[in-house]
file query07.txt (compact mmCIF, C-alpha atoms)
# COMPACT_ATOMS: atom_id res chain seq x y z
CA SER A 1 24.52 206.57 11.80
CA ALA A 2 24.78 209.87 13.64
CA LEU A 3 24.90 211.62 10.27
CA LYS A 4 21.95 209.66 9.02
CA LYS A 5 20.07 210.59 12.16
CA THR A 6 20.94 214.23 11.70
CA ILE A 7 19.81 214.15 8.08
CA GLU A 8 16.51 212.51 9.07
CA GLU A 9 15.89 215.14 11.70
CA GLY A 10 16.63 217.89 9.17
CA ARG A 11 14.24 216.29 6.69
CA ARG A 12 11.52 216.18 9.32
CA ALA A 13 12.20 219.81 10.25
CA ILE A 14 11.93 220.86 6.64
CA GLN A 15 8.69 218.89 6.35
CA ARG A 16 7.30 220.57 9.46
CA TYR A 17 8.30 223.96 8.07
CA GLU A 18 6.66 223.26 4.75
CA GLU A 19 3.53 222.07 6.51
CA ALA A 20 3.52 225.19 8.72
CA ALA A 21 4.09 227.40 5.70
CA GLN A 22 1.25 225.65 3.93
CA ARG A 23 -1.04 226.13 6.93
CA TYR A 24 0.00 229.78 7.14
CA ASP A 25 -0.75 230.30 3.50
CA GLU A 26 -4.14 228.62 3.92
CA ILE A 27 -4.94 230.75 6.97
CA ALA A 28 -3.73 233.89 5.21
CA ALA A 29 -5.90 233.05 2.20
CA GLN A 30 -8.87 232.34 4.48
CA MET A 31 -8.25 235.65 6.32
CA GLU A 32 -8.08 237.46 3.02
CA ARG A 33 -11.36 235.85 1.94
CA LEU A 34 -13.02 236.75 5.24
CA ARG A 35 -11.64 240.28 4.98
CA ALA A 36 -13.04 240.61 1.48
CA GLU A 37 -16.40 239.22 2.59
CA LYS A 38 -16.43 241.63 5.56
CA THR A 39 -15.60 244.55 3.28
CA GLU A 40 -18.34 243.50 0.85
CA LYS A 41 -20.89 243.25 3.66
CA GLU A 42 -19.82 246.65 5.01
CA GLN A 43 -20.40 248.10 1.56
CA LYS A 44 -23.81 246.40 1.34
CA LEU A 45 -24.73 247.76 4.75
CA GLU A 46 -23.74 251.24 3.65
CA GLN A 47 -25.79 250.82 0.49
CA ALA A 48 -28.77 249.61 2.55
CA ARG A 49 -28.52 252.70 4.76
CA GLU A 50 -28.35 254.88 1.68
CA PHE A 51 -31.44 253.04 0.42
CA ILE A 52 -33.20 253.93 3.69
CA THR A 53 -32.34 257.59 3.29
CA GLU A 54 -33.43 257.51 -0.34
CA SER A 55 -36.75 255.77 0.45
CA LEU A 56 -37.52 258.26 3.23
CA ASP A 57 -36.75 261.19 0.92
CA ASN A 58 -38.87 259.61 -1.83
CA TRP A 59 -41.84 259.22 0.53
CA ILE A 60 -41.61 262.83 1.71
CA THR A 61 -41.22 264.14 -1.85
CA GLU A 62 -44.17 262.07 -3.07
CA ILE A 63 -46.52 263.10 -0.24
CA PHE A 64 -45.87 266.80 -0.83
CA GLU A 65 -46.23 266.28 -4.59
CA LYS A 66 -49.60 264.61 -3.97
CA GLU A 67 -50.69 267.67 -2.02
CA LYS A 68 -49.96 269.85 -5.05
CA THR A 69 -51.55 267.63 -7.70
CA ALA A 70 -54.59 266.26 -5.83
CA GLU A 71 -57.96 267.79 -6.80
CA ILE A 72 -59.81 267.15 -3.54
CA TRP A 73 -57.34 265.84 -0.97
CA LYS A 74 -56.00 269.04 0.59
CA PRO A 75 -54.44 268.24 3.97
CA ASP A 76 -53.59 270.83 6.57
CA HIS A 77 -49.95 271.80 6.03
CA THR A 78 -49.18 271.20 9.70
CA VAL A 79 -50.24 267.57 9.21
CA LEU A 80 -47.70 267.07 6.41
CA THR A 81 -45.00 268.80 8.45
CA ALA A 82 -45.66 266.50 11.40
CA ALA A 83 -45.71 263.48 9.08
CA GLU A 84 -42.38 264.54 7.58
CA GLN A 85 -40.83 264.82 11.04
CA LYS A 86 -42.03 261.35 11.98
CA ILE A 87 -40.69 259.93 8.71
CA ARG A 88 -37.30 261.52 9.39
CA ASN A 89 -37.24 259.66 12.71
CA TYR A 90 -38.66 256.45 11.23
CA GLN A 91 -37.24 253.26 12.78
CA THR A 92 -39.91 250.56 12.89
CA ILE A 93 -43.31 249.60 11.48
CA GLU A 94 -44.89 251.13 14.61
CA ASP A 95 -43.69 254.51 13.37
CA ALA A 96 -45.68 253.93 10.18
CA SER A 97 -48.89 253.50 12.16
CA GLU A 98 -48.39 256.93 13.76
CA VAL A 99 -47.99 258.57 10.35
CA GLN A 100 -51.00 256.67 9.01
CA GLU A 101 -53.10 257.87 11.95
CA LEU A 102 -52.10 261.48 11.26
CA LEU A 103 -53.11 261.22 7.60
CA ARG A 104 -56.25 259.21 8.32
CA ASN A 105 -57.52 261.74 10.90
CA ASP A 106 -56.98 264.57 8.45
CA TYR A 107 -58.74 262.58 5.70
CA GLU A 108 -61.71 261.94 8.00
CA CYS A 109 -61.94 265.68 8.74
CA GLN A 110 -62.03 266.48 5.03
CA ARG A 111 -64.57 263.73 4.41
CA GLN A 112 -66.75 264.92 7.31
CA HIS A 113 -66.77 268.44 5.88
CA LEU A 114 -68.04 267.07 2.56
CA LEU A 115 -70.65 264.92 4.32
CA GLU A 116 -71.94 267.95 6.21
CA GLU A 117 -72.19 269.89 2.97
CA LYS A 118 -73.96 266.91 1.40
CA ALA A 119 -76.49 266.84 4.25
CA LYS A 120 -77.06 270.58 3.85
CA GLN A 121 -77.61 270.32 0.10
CA THR A 122 -79.81 267.24 0.53
CA GLN A 123 -82.08 269.18 2.87
CA ALA A 124 -82.12 272.12 0.46
CA TRP A 125 -83.02 269.73 -2.39
CA LYS A 126 -85.84 268.18 -0.36
CA ASP A 127 -87.14 271.62 0.66
CA SER A 128 -87.10 272.77 -2.96
CA ARG A 129 -88.87 269.61 -4.12
CA ARG A 130 -91.51 270.14 -1.43
CA GLU A 131 -91.92 273.78 -2.44
CA LEU A 132 -92.18 272.79 -6.10
CA ALA A 133 -94.97 270.34 -5.28
CA GLN A 134 -96.79 273.09 -3.37
CA VAL A 135 -96.41 275.53 -6.28
CA GLU A 136 -97.70 272.96 -8.76
CA GLU A 137 -100.64 272.19 -6.47
CA GLU A 138 -101.40 275.90 -6.19
CA GLN A 139 -101.23 276.20 -9.98
CA LYS A 140 -103.80 273.42 -10.35
CA ARG A 141 -106.04 275.06 -7.77
CA VAL A 142 -105.92 278.47 -9.47
CA GLN A 143 -106.43 276.96 -12.94
CA GLN A 144 -109.52 275.18 -11.69
CA GLN A 145 -110.98 278.42 -10.31
CA GLU A 146 -112.90 280.69 -12.61
CA GLU A 147 -111.97 283.61 -10.39
CA LEU A 148 -109.48 284.10 -7.58
CA GLU A 149 -110.87 284.42 -4.11
CA PRO A 150 -109.41 286.03 -0.98
CA ALA A 151 -107.64 283.77 1.50
CA ARG A 152 -110.06 282.19 3.95
CA THR A 153 -109.82 279.96 6.99
CA VAL A 154 -111.03 276.37 6.86
CA SER A 155 -113.93 277.21 9.17
CA VAL A 156 -115.11 280.00 6.83
CA GLU A 157 -114.94 277.66 3.81
CA GLN A 158 -116.92 275.03 5.70
CA SER A 159 -119.54 277.60 6.75
CA ARG A 160 -120.07 278.69 3.14
CA LEU A 161 -120.48 275.10 2.03
CA ALA A 162 -123.05 274.63 4.78
CA LEU A 163 -125.01 277.66 3.53
CA GLN A 164 -125.02 276.21 0.01
CA GLU A 165 -126.27 272.87 1.27
CA LYS A 166 -129.17 274.68 3.01
CA ASN A 167 -130.00 276.62 -0.17
CA ILE A 168 -129.16 279.99 1.36
CA LEU A 169 -127.91 282.34 -1.33
CA ALA A 170 -124.83 284.06 0.09
CA VAL A 171 -122.54 286.14 -2.13
CA PRO A 172 -119.27 287.79 -1.03
CA PHE A 173 -119.67 291.56 -1.06
CA TYR A 174 -116.87 292.06 -3.59
CA LYS A 175 -118.89 290.02 -6.12
CA THR A 176 -122.06 292.09 -5.61
CA VAL A 177 -120.62 295.43 -6.73
CA GLU A 178 -118.58 297.03 -9.49
CA PHE A 179 -116.42 300.12 -9.41
CA SER A 180 -117.92 303.31 -10.74
CA GLU A 181 -116.58 304.22 -14.16
CA ASN A 182 -115.22 307.58 -12.96
CA LEU A 183 -112.69 305.95 -10.55
CA ASP A 184 -109.08 305.63 -11.65
CA SER A 185 -107.00 302.50 -10.84
CA ALA A 186 -105.39 304.08 -7.76
CA ALA A 187 -108.79 305.05 -6.31
CA CYS A 188 -110.10 301.53 -7.02
CA ALA A 189 -107.14 299.91 -5.28
CA ARG A 190 -107.50 302.21 -2.28
CA LEU A 191 -111.24 301.57 -1.97
CA GLU A 192 -110.71 297.82 -2.13
CA ALA A 193 -107.99 298.09 0.52
CA GLN A 194 -110.38 300.01 2.81
CA LEU A 195 -113.10 297.38 2.44
CA GLN A 196 -110.58 294.58 3.02
CA GLN A 197 -109.07 296.26 6.09
CA MET A 198 -112.54 296.71 7.59
CA GLY A 199 -113.52 293.09 6.92
CA LEU A 200 -116.28 294.04 4.49
CA LEU A 201 -114.72 292.94 1.20
CA ASP A 202 -115.33 289.19 1.62
CA ALA A 203 -118.27 289.48 4.03
CA LEU A 204 -121.42 287.68 2.85
CA VAL A 205 -124.46 289.43 1.46
CA ILE A 206 -127.73 287.53 1.96
CA SER A 207 -131.36 288.46 1.61
CA GLU A 208 -133.18 290.13 4.46
CA GLU A 209 -135.44 287.09 4.87
CA ASP A 210 -132.45 284.69 5.14
CA SER A 211 -130.72 287.12 7.48
CA ARG A 212 -133.59 287.05 9.98
CA LYS A 213 -133.56 283.25 10.30
CA LEU A 214 -129.79 282.71 9.85
CA ARG A 215 -129.03 281.89 13.48
CA LYS A 216 -131.64 279.16 13.58
CA THR A 217 -131.00 277.85 10.09
CA CYS A 218 -127.21 277.70 10.39
CA PRO A 219 -126.18 277.79 14.08
CA GLU A 220 -122.72 276.43 13.24
CA LEU A 221 -121.87 279.49 11.08
CA LEU A 222 -118.33 280.85 11.51
CA ASP A 223 -118.32 283.71 9.03
CA THR A 224 -119.12 287.40 8.57
CA VAL A 225 -122.45 288.65 7.19
CA LEU A 226 -123.44 292.17 6.15
CA THR A 227 -126.84 293.05 7.62
CA ILE A 228 -128.38 296.50 7.37
CA ARG A 229 -132.09 296.76 8.10
CA GLU A 230 -132.77 300.30 6.93
CA SER A 231 -131.67 302.33 3.95
CA GLY A 232 -129.46 305.35 4.41
CA ASP A 233 -129.38 308.68 2.63
CA SER A 234 -125.93 308.38 1.08
CA SER A 235 -125.18 308.99 -2.55
CA PHE A 236 -121.92 307.00 -2.46
CA SER A 237 -120.34 307.23 -5.90
CA GLY A 238 -117.49 304.73 -5.62
CA LEU A 239 -119.46 301.53 -6.18
CA ARG A 240 -122.53 300.40 -8.08
CA VAL A 241 -124.67 297.29 -7.79
CA SER A 242 -123.73 294.41 -10.08
CA GLU A 243 -126.33 293.69 -12.73
CA THR A 244 -125.76 289.95 -12.41
CA LEU A 245 -127.51 289.75 -9.01
CA SER A 246 -131.06 288.64 -8.32
CA GLN A 247 -133.52 291.44 -7.58
CA THR A 248 -133.63 290.49 -3.89
CA LEU A 249 -129.86 290.74 -3.47
CA LYS A 250 -129.78 293.94 -5.55
CA GLU A 251 -132.08 295.56 -3.03
CA THR A 252 -129.92 294.36 -0.15
CA VAL A 253 -126.73 295.66 -1.79
CA GLN A 254 -128.35 298.98 -2.64
CA ARG A 255 -129.33 299.32 1.00
CA ILE A 256 -125.72 298.66 2.02
CA LEU A 257 -124.38 301.23 -0.44
CA SER A 258 -126.89 303.80 0.78
CA ASN A 259 -125.22 303.52 4.20
CA ILE A 260 -121.68 304.21 2.92
CA TYR A 261 -120.63 307.88 3.12
CA GLU A 262 -117.73 309.75 1.59
CA GLU A 263 -117.87 312.38 4.33
CA GLU A 264 -117.63 311.44 8.00
CA ASN A 265 -120.95 312.31 9.66
CA GLY A 266 -121.29 309.69 12.41
CA LYS A 267 -123.69 307.59 10.39
CA GLY A 268 -123.26 304.18 8.72
CA ILE A 269 -119.88 303.46 7.12
CA TYR A 270 -117.38 306.17 6.25
CA LEU A 271 -114.95 305.56 3.36
CA GLY A 272 -112.87 308.65 2.70
CA LYS A 273 -111.08 309.33 -0.57
CA ASP A 274 -107.83 309.76 1.40
CA GLY A 275 -107.96 306.14 2.63
CA TRP A 276 -109.46 306.83 6.06
CA PHE A 277 -112.45 304.78 7.16
CA ARG A 278 -114.76 304.34 10.11
CA GLN A 279 -117.49 301.91 11.07
CA GLY A 280 -118.80 302.36 14.56
CA VAL A 281 -115.84 302.11 16.94
CA LEU A 282 -113.60 300.78 14.17
CA ALA A 283 -111.46 303.37 12.42
CA GLY A 284 -108.25 303.42 10.40
CA ARG A 285 -106.62 304.09 7.06
CA ALA A 286 -105.80 301.76 4.17
CA ASP A 287 -104.14 301.93 0.79
CA LYS A 288 -102.20 299.64 -1.53
CA GLU A 289 -100.02 299.76 -4.60
CA GLY A 290 -101.02 298.36 -7.95
CA GLU A 291 -104.56 297.61 -8.96
CA ALA A 292 -107.67 296.17 -7.34
CA GLU A 293 -107.63 292.38 -7.27
CA TYR A 294 -111.10 291.19 -6.30
CA LEU A 295 -113.65 293.94 -6.76
CA GLY A 296 -114.97 293.81 -10.31
CA VAL A 297 -115.10 290.99 -12.85
CA LEU A 298 -112.21 292.37 -14.89
CA ALA A 299 -110.09 292.88 -11.78
CA ARG A 300 -110.59 289.29 -10.71
CA LYS A 301 -109.77 288.05 -14.21
CA ARG A 302 -106.60 290.14 -14.31
CA ARG A 303 -105.66 288.95 -10.83
CA ARG A 304 -106.12 285.30 -11.83
CA GLU A 305 -103.96 285.74 -14.92
CA GLN A 306 -101.36 287.60 -12.87
CA LYS A 307 -101.40 284.87 -10.21
CA LEU A 308 -100.85 282.21 -12.85
CA ARG A 309 -97.92 284.19 -14.28
CA GLU A 310 -96.44 284.61 -10.80
CA LEU A 311 -96.82 280.89 -10.12
CA ALA A 312 -95.24 280.02 -13.49
CA GLU A 313 -92.26 282.25 -12.70
CA LEU A 314 -92.02 280.79 -9.20
CA GLN A 315 -92.19 277.29 -10.67
CA LYS A 316 -89.23 278.04 -12.94
CA GLU A 317 -87.30 279.53 -10.04
CA VAL A 318 -87.94 276.53 -7.78
CA GLU A 319 -87.23 274.05 -10.60
CA ASN A 320 -83.91 275.81 -11.11
CA ARG A 321 -83.15 275.48 -7.38
CA VAL A 322 -84.00 271.78 -7.54
CA GLN A 323 -81.68 271.37 -10.52
CA VAL A 324 -78.86 273.37 -8.96
CA THR A 325 -79.02 271.55 -5.62
CA GLY A 326 -79.23 268.22 -7.46
CA GLN A 327 -76.09 269.11 -9.43
CA LYS A 328 -74.34 270.14 -6.22
CA LEU A 329 -75.24 266.79 -4.66
CA GLU A 330 -73.83 264.94 -7.67
CA GLU A 331 -70.66 267.02 -7.47
CA ILE A 332 -70.26 266.29 -3.75
CA GLU A 333 -70.70 262.56 -4.41
CA LYS A 334 -67.93 262.74 -7.02
CA GLN A 335 -65.74 264.69 -4.61
CA LEU A 336 -66.25 262.05 -1.91
CA GLU A 337 -65.28 259.29 -4.33
CA LEU A 338 -62.26 261.23 -5.60
CA LEU A 339 -61.16 262.11 -2.06
CA GLN A 340 -61.22 258.43 -1.12
CA ASP A 341 -59.36 257.49 -4.30
CA GLU A 342 -56.67 260.13 -3.78
CA TYR A 343 -56.28 259.16 -0.13
CA GLN A 344 -55.90 255.49 -1.00
CA LYS A 345 -53.20 256.39 -3.56
CA LEU A 346 -51.02 258.15 -1.00
CA PRO A 347 -47.54 256.59 -0.73
CA ASP A 348 -47.40 253.54 1.51
CA PHE A 349 -44.45 252.33 3.58
CA SER A 350 -43.51 249.21 1.63
CA GLU A 351 -40.35 250.74 0.18
CA ILE A 352 -39.28 252.17 3.55
CA ASN A 353 -39.97 248.90 5.36
CA ALA A 354 -38.09 246.96 2.66
CA ALA A 355 -35.12 249.32 3.07
CA PHE A 356 -35.08 248.84 6.85
CA ALA A 357 -35.44 245.06 6.44
CA LEU A 358 -32.50 245.01 4.03
CA GLU A 359 -30.43 247.14 6.40
CA LYS A 360 -31.21 244.76 9.25
CA GLU A 361 -30.23 241.76 7.15
CA CYS A 362 -26.98 243.42 6.06
CA ARG A 363 -26.20 244.36 9.65
CA LEU A 364 -26.68 240.77 10.85
CA THR A 365 -24.56 239.27 8.08
CA LEU A 366 -21.84 241.82 8.81
CA GLN A 367 -21.89 240.90 12.49
CA ILE A 368 -21.47 237.24 11.55
CA ALA A 369 -18.59 238.08 9.22
CA GLU A 370 -16.91 240.22 11.88
CA THR A 371 -17.25 237.41 14.42
CA GLU A 372 -15.67 234.86 12.05
CA TYR A 373 -12.89 237.29 11.13
CA GLY A 374 -12.19 237.90 14.82
CA ARG A 375 -11.84 234.21 15.49
CA LYS A 376 -9.18 233.84 12.84
call {"tool": "encode", "arguments": {"input": "query07.txt", "output": "structure tokens"}}
result
Amino acid sequence: SALKKTIEEGRRAIQRYEEAAQRYDEIAAQMERLRAEKTEKEQKLEQAREFITESLDNWITEIFEKEKTAEIWKPDHTVLTAAEQKIRNYQTIEDASEVQELLRNDYECQRQHLLEEKAKQTQAWKDSRRELAQVEEEQKRVQQQEELEPARTVSVEQSRLALQEKNILAVPFYKTVEFSENLDSAACARLEAQLQQMGLLDALVISEEDSRKLRKTCPELLDTVLTIRESGDSSFSGLRVSETLSQTLKETVQRILSNIYEEENGKGIYLGKDGWFRQGVLAGRADKEGEAEYLGVLARKRRREQKLRELAELQKEVENRVQVTGQKLEEIEKQLELLQDEYQKLPDFSEINAAFALEKECRLTLQIAETEYGRK
């Protein structure tokens, strides 16, 4: 019985050993599995960190590549350098907002520059359109005129209309005379300049009878009238009376011419061949390049044709400015659209954020695996 007891105890000991060995093997297998899982998670964490580094490098490479290939988006290099530094230190989504703010501020600066240029060109386009309308209006006005007339104030134009309404024949002096045939073009231009400088060229010539009652007949007159009561003894050779005038006005004009002297003698009006002139206390000198513009029918015809040519050339010039500024505006609009498109196509942070999210996940799973391994 003692032997039987001893055998039974041995059997139980062997059973306990086998059970312990089995438990050991199970624990060893479990430890090996946990160790393998931990190693796998460590490798995944390392891969996730490599993915972070790769995504950061990709973002930096892409942003600098965009700078080279973009047509309009040309950021300040210091902006890209600062963005690169922030990307190198990237940790959270908040870091992305700082980089986005850097790029957005630079984009807004570029956009503002284009908007300012657009405003400038828009104003230039409007100014050119306004000038073109004025040129075309001037063309219509000149085309409607049989002859060009000197520039006059509104009050002078109104006064001359008032004289017409009251049936007072009033003719500008330059229309009452013609140049003498022996004057060359330079002498004609100089003589016209003298008359214009003195205020005589466009002054009105009226009959002596109308002259005497002018103040009562037209008290609102705001104009200049040539009035000479007595004939002079001049033999002025520069001008002759126009044959188109009525006999009454011819006499008035002849009386005016008889008071114009080519030598200064203190009488009437002095018009020197050297450009000097004097009329009472008024004295001076005048001359001009080119030809006479108003004195003489042919001169006025030439001047009208010349004015129309000048206006036609000016019209082409202004039309070209309108076209050029319009094209510039279209180009700026395209640049604004392209700038926005290129800015919107800048690399985002999805890949970087995904890499950091993966790294975080791998880090947490590794911590769990390490905790379980430590317990065993």
call {"tool": "residues_around", "arguments": {"input": "query07.txt", "residues": "Phe236 in chain A", "least_positions_apart": "3", "cutoff": "10 Å", "atoms": "all atoms listed in the file", "output": "MDAnalysis selection string"}}
result
chainID A and resid 180 233 239:240 257:263 270:271
call {"tool": "closest_residue", "arguments": {"input": "query07.txt", "among": "A:Ile228, A:Leu102, A:Leu366, A:Leu222", "to": "Val154 in chain A", "atoms": "all atoms listed in the file"}}
result
A:Leu222
call {"tool": "closest_residue", "arguments": {"input": "query07.txt", "among": "A:Leu148, A:Leu114, A:Val177, A:Leu295", "to": "Glu243 in chain A", "atoms": "only C-alpha atoms"}}
result
A:Val177
call {"tool": "atom_distance", "arguments": {"input": "query07.txt", "atom1": "CA of Glu293 in chain A", "atom2": "CA of Pro172 in chain A"}}
result
14.0 Å
call {"tool": "atom_distance", "arguments": {"input": "query07.txt", "atom1": "CA of Glu116 in chain A", "atom2": "CA of Arg130 in chain A"}}
result
21.1 Å
call {"tool": "closest_atom_pairs", "arguments": {"input": "query07.txt", "of": "range 30-63 of chain A", "to": "range 87-98 of chain A", "cutoff": "10 Å", "atoms": "only C-alpha atoms", "output": "JSON lines"}}
result
{"residue": "A:Ile52", "atom": "CA", "partner": "A:Tyr90", "partner_atom": "CA", "distance": 9.6}
{"residue": "A:Thr53", "atom": "CA", "partner": "A:Arg88", "partner_atom": "CA", "distance": 8.8}
{"residue": "A:Leu56", "atom": "CA", "partner": "A:Ile87", "partner_atom": "CA", "distance": 6.5}
{"residue": "A:Asp57", "atom": "CA", "partner": "A:Arg88", "partner_atom": "CA", "distance": 8.5}
{"residue": "A:Trp59", "atom": "CA", "partner": "A:Ile87", "partner_atom": "CA", "distance": 8.3}
{"residue": "A:Ile60", "atom": "CA", "partner": "A:Ile87", "partner_atom": "CA", "distance": 7.6}
call {"tool": "atom_distance", "arguments": {"input": "query07.txt", "atom1": "CA of Ile332 in chain A", "atom2": "CA of Val99 in chain A"}}
result
27.5 Å
call {"tool": "residues_near_point", "arguments": {"input": "query07.txt", "point": "(-132.0, 282.2, 5.5)", "cutoff": "12 Å", "atoms": "all atoms listed in the file", "output": "list in words"}}
result
Ala162, Leu163, Gln164, Glu165, Lys166, Asn167, Ile168, Leu169, Ala170, Val205, Ile206, Ser207, Glu208, Glu209, Asp210, Ser211, Arg212, Lys213, Leu214, Arg215, Lys216, Thr217, Cys218, Pro219, Leu221 and Val225 of chain A
call {"tool": "closest_residue", "arguments": {"input": "query07.txt", "among": "A:Lys301, A:His77, A:Arg229, A:Arg23", "to": "Thr252 in chain A", "atoms": "only C-alpha atoms"}}
result
A:Arg229
call {"tool": "axis_aligned_box", "arguments": {"input": "query07.txt", "around": "range 91-104 of chain A", "padding_each_side": "4 Å", "output": "lines of an AutoDock Vina configuration file"}}
result
center_x = -46.7
center_y = 255.5
center_z = 11.1
size_x = 27.0
size_y = 19.9
size_z = 15.0
call {"tool": "residues_around", "arguments": {"input": "query07.txt", "residues": "Gln100 in chain A", "least_positions_apart": "5", "cutoff": "9 Å", "atoms": "all atoms listed in the file", "output": "list in words"}}
result
Ala83, Asp95, Asn105 and Asp348 of chain A
call {"tool": "residues_around", "arguments": {"input": "query07.txt", "residues": "Thr244 in chain A", "least_positions_apart": "5", "cutoff": "10 Å", "atoms": "all atoms listed in the file", "output": "VMD selection string"}}
result
chain A and resid 175 to 177 249 to 250
call {"tool": "write_last_selection", "arguments": {"input": "query07.txt", "atoms": "C-alpha atoms", "output": "PDB file, in the coordinates of the input"}}
result
ATOM      1  CA  LYS A 175    -118.890 290.020  -6.120  1.00  0.00           C
ATOM      2  CA  THR A 176    -122.060 292.090  -5.610  1.00  0.00           C
ATOM      3  CA  VAL A 177    -120.620 295.430  -6.730  1.00  0.00           C
ATOM      4  CA  LEU A 249    -129.860 290.740  -3.470  1.00  0.00           C
ATOM      5  CA  LYS A 250    -129.780 293.940  -5.550  1.00  0.00           C
TER       6      LYS A 250
END
call {"tool": "residues_around", "arguments": {"input": "query07.txt", "residues": "Glu137 in chain A", "least_positions_apart": "4", "cutoff": "12 Å", "atoms": "only C-alpha atoms", "output": "list in words"}}
result
Arg130, Glu131, Leu132, Ala133, Arg141, Val142, Gln143, Gln144, Leu308, Leu311, Ala312 and Gln315 of chain A
call {"tool": "closest_residue", "arguments": {"input": "query07.txt", "among": "A:Lys345, A:Arg104, A:Arg49, A:Lys273", "to": "Ala193 in chain A", "atoms": "all atoms listed in the file"}}
result
A:Lys273
call {"tool": "closest_residue", "arguments": {"input": "query07.txt", "among": "A:Ala299, A:Leu314, A:Ile352, A:Leu364", "to": "Gln139 in chain A", "atoms": "all atoms listed in the file"}}
result
A:Leu314
call {"tool": "closest_residue", "arguments": {"input": "query07.txt", "among": "A:Pro150, A:Gly232, A:Gly290, A:Gly272", "to": "Gln196 in chain A", "atoms": "all atoms listed in the file"}}
result
A:Pro150
call {"tool": "residues_around", "arguments": {"input": "query07.txt", "residues": "Glu351 in chain A", "least_positions_apart": "2", "cutoff": "10 Å", "atoms": "all atoms listed in the file", "output": "count of residues only"}}
result
15
